[in-house]
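Shown next, in structure tokens, is the structure this report addresses.
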Amino acid sequence: MLNILNSILVEGLIYAIMVLGVYITYKILDFPDLSVDGTFPLGAAITAILIINDVNPYLTLLVSFLIGAFAGMITGIIHVKLKVRDLLAGIIMMTALYTVNLRIAGKANVAFFSKDTIFTKNFLTSFFAEGSEKVIRLVLIIIIILLLKLMLDAYLRTRSGYLLRAVGDNKTLVTTLGKDMGFVKIVGLSLANGLAALAGSVYAQKQGFFDITMGTGMVVIGLASVIIGINVFQSFHFVKATTAVIIGSILYKGCVALAIGIGLGANDLKLVTAVLFLVILVFTQEKRRKVNKNA
Amino acid sequence: MKKFKNVTSLLVATTLIMTMATGCAGKNNASSTEQTKNSQENVQETQKENSGSYTIGIGQFAQHGSLDNCREGFIEGLKEAGIEEGKNLTLIYDNANADTGTAAQITDNYVSKKVDLICAIATPMAQSAFGAARDEDIPVVYTAITDPVAAELAQEDKTPKGNVTGTSDKLPVEQQLQMIRELLPSAKKIGIMYTTSEVNSAVSVEEYKEKASEYGFEIIDSAIATAADIPLAADDLISKVDCINNLTDNTVVSALPIILEKANENNIPVFGSEIEQVKIGCLATVGLDYYELGKQTGAMAAKILKGDAKASEMPYEVIEEGSFYANAQVAEALKIEIPQDLVDKAVEIFKTIEEN
């Protein structure tokens with residue numbers, strides 16, 4: 001039981017990095033960004049190649065973030081400068097990244113079990129007894145996600161962060177302030193896809209390999225986690241949205257683990273996901289309608 | 001009032017559709033009850049986990065004929081060694097439907113349940129299992145991996161990189177090329193279609209390219225990304241080649257009927273890589289019997305479970321000698337005569353094309 005809990009937390013928290021990104025695009029910018037399906041494995045591919053070439057595993061996190069952010073920037077430019085619709089811009093980038101990822105990794109599956117990763121060699125090992133790899137892994141991921149959350153919270157309080165929020169909420173305000181809305185969108189997309197690639201990097205290091213199919217369904221997982229998180233906690237005002245979506249990601253993984261655990265079988269997983277998704281969506285619509293009536 | 005009418009008609013329509021659906025369902029009733037029974041059995045098996053003396057988690061990466069054969073062979077191999085489901089073995093079976101994320105959750109689940117051994121079918125599943133089980137020291141036995149060395153599961157000398165061993169389904173490429181030469185003495189160009197996301201296929205295509213010239217062939221490869229690309233890619237490939245050679249590529253195999261249909265229209269022979277493909281209409285193959293491969297894997301797993309051997313010390317195994325299968329109906333349609341020496345060697349020549 002403890003083991004299952006550990007694996008749910010580890011999986012959920014790693015995906016939560018990507019979920020923070022999806023939160024920025026979907027919830028703040030109101031931009032359904034599909035490029036995440038490509039940037040998640042992009043981070044994994046970069047990590048696999050760098051680690052095989054003995055680059056410091058922590059450095060791969062930074063490189064993955066930067067290259068992912070670059071990919072997000074291109075999605076933004078396609079949307080803003082070339083005036084392609086948001087959904088299409090994401091699809092174009094996702095499709096292009098499939099080839100890019102294959103080119104970076106060289107082949108569809110690259111393993112690096114024998115190499116050092118952030119999980120095998122880190123500063124935490126000296127604090128824990130031998131044989132507690134799983135605990136160390138969890139603690140390290142918690143540290144990473146907490147750092148990222150605090151950084152994102154801090155960013156959202158800056159001038160640029162306020163503008164980001166305004167683009168989703170009140171477009172006129174941004175224009176009135178004389179700010180370029182397109183530029184703000186590009187910044188948001190970069191940030192989101194940087195986070196997705198970072199999640200891919202951490203995930204690949206946990207798994208010990210990169211596989212081209214890794215990104216399939218990322219957007220769905222991301223959106224589901226954001227929606228679960230936001231809606232479960234919408235009446236608790238003291239819980240920040242960033243915290244809520246992280247917990248949403250854990251809850252999502254928990255549901256999947258539960259489905260496997262009670263013997264539903266992987267074949268039924270997608271349907272379980274879809275139903276869960278629908279139930280939560282319908283549930284939120286109810287609430288919103290009530291708010292409108294009251295207003 | 002008008003609105004009310006609409007609602008009523010909608011209701012009537014819904015009822016009608018429902019009746020139709022139930023009517024249809026009636027015909028399939030037998031098979032669906034069977035399915036329910038099966039899934040109930042599965043649940044029961046999972047529940048009585050502790051009563052058996054061994055528990056094995058079988059994780060299969062995708063649903064596909066050869067991999068299913070592998071799994072059945074594996075269970076048979078265990079049975080031959082005295083480890084039988086229901087007696088002293090509890091089996092948990094999961095399929096990842098070709099999704100790496102699901103594969104990871106399946107293997108994590110096995111590790112949490114502390115199974116005695118994980119059987120992983122196909123490369124990404126084996127890698128997930130190895131990654132998840134290495135901290136817990138649960139042995140992993142894999143099968144249907146073309147290149148365990150490239151997958152970082154074994155060293156160059158076939159010895160394992162950890163508590164992991166199994167069998168490889170590396171294709172007998174040279175024997176296949178030789179067989180194609182015998183059947184088609186004047187052919188020059190062999191077309192091969194493969195999916196870029198499948199490492200096994202890329203490895204095989206490289207090997208074909210390397211060895212084709214020895215037999216006077218040239219390989220024309222056609223890389224696809226998804227199953228949706230297959231019809232167009234097949235048209236293009238068929239126009240360029242004298243025959244098509246099919247690999248064990250999961251995506252391409254699942255759409256094999258499309259390729260066969262187009263090839264038949266143009267009188268282009270299609271060679272297979274294993275028995276199932278010949279059954280459904282490929283001309284011939286010198287290939288693997290995945291059932292046998294699974295059995296060999298099952299025997300290895302039995303040794304590990306009984307404590308006769310350690311996974312970390314067993315080199316991975318391959319089936320060296322391919323078996324020749326042919327389909328007489330396809331040969332007749334293409335007006336190709338199978339030489340007597342091949343007929344003598346054949347493990348089986350199928351008389352008809354199996355509908356699937």
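Residues in the structure tokens are numbered from 1 in each chain, the chains being A, B, ... in the order shown, and ligands are numbered from 1 in the order shown.
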Contact residues (chain B, partner chain A, 10 Å, only C-alpha atoms) as a PyMOL selection string: chain B and resi 39-40+42-47+63+92-106+108-114+123-124+127-132+135-136+149-153+161-162+195-203+225
Quick one: DSSP strand (DSSP E) residues in range 234-337 of chain B, as an MDAnalysis selection string? chainID B and resid 243:245 270:271 284:287 317:318 323:327
To one decimal place in Å, what is the distance between CA of Cys243 in chain B and CA of Ala144 in chain B? 25.8 Å
For the structure I just gave you, how does DSSP split range 91-268 of chain B - specifically, which residues are helix (DSSP H, G or I)? Reply as a VMD selection string. chain B and resid 100 to 112 123 to 133 173 to 183 199 to 215 227 to 238 250 to 254 256 to 265
Of the candidates A:Ile24, A:Ile67, A:Ile136, A:Val167, which shows the shortest atom-to-atom distance to Gly182 in chain A, using only C-alpha atoms?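 Of A:Ile24, A:Ile67, A:Ile136, A:Val167, the one nearest Gly182 in chain A, counting only C-alpha atoms, is A:Val167.
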